[in-house]
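To start, the structure under review is shown below, and the notes come after it.
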Amino acid sequence: MGRRLRKFLLKDVLVALVERNDKTFTPNGSTILVTDDVLTILGETKSIVKLYKGYMSYEIDKLDTEETT
């Protein structure tokens, strides 16, 4: 994926953990998310849904860009 976590953060959502390659760590805004990362997210349901939709729209845009290049 290659995007910094802060690109997707919302005020009322906390990304508590990232699991990557059998390791778990606490991320910060500078953490770069990569394909197959597993996130543990805390927050209100509607905010988590908004975060997910923002992430998915980025992934769809990324796929569209890859197909045209």
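Residues are referred to by chain and number: the chain letter is A, B, ... according to the order shown in the structure tokens, the number counts from 1 in that chain, and ligands are numbered separately from 1 in the order shown.
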
Within 10 Å of Leu10 of chain A, counting only C-alpha atoms, which residues qualify if same-chain residues fewer than 4 places away don't, as a ChimeraX atom specification? /A:6,14-15,43,47-48,50-51

Between A:Asp12, A:Ser57, A:Pro27, A:Gly2, smallest distance to Thr40 of chain A by only C-alpha atoms belongs to A:Pro27

So which one's closest to Lys53 of chain A, A:Val38, A:Arg4, A:Leu17, A:Leu9? Using only C-alpha atoms, please. A:Leu9

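The smallest atom-to-atom distance between Asp22 of chain A and any of A:Arg3, A:Phe8, A:Lys46, A:Asp37, using only C-alpha atoms, is found for A:Asp37.
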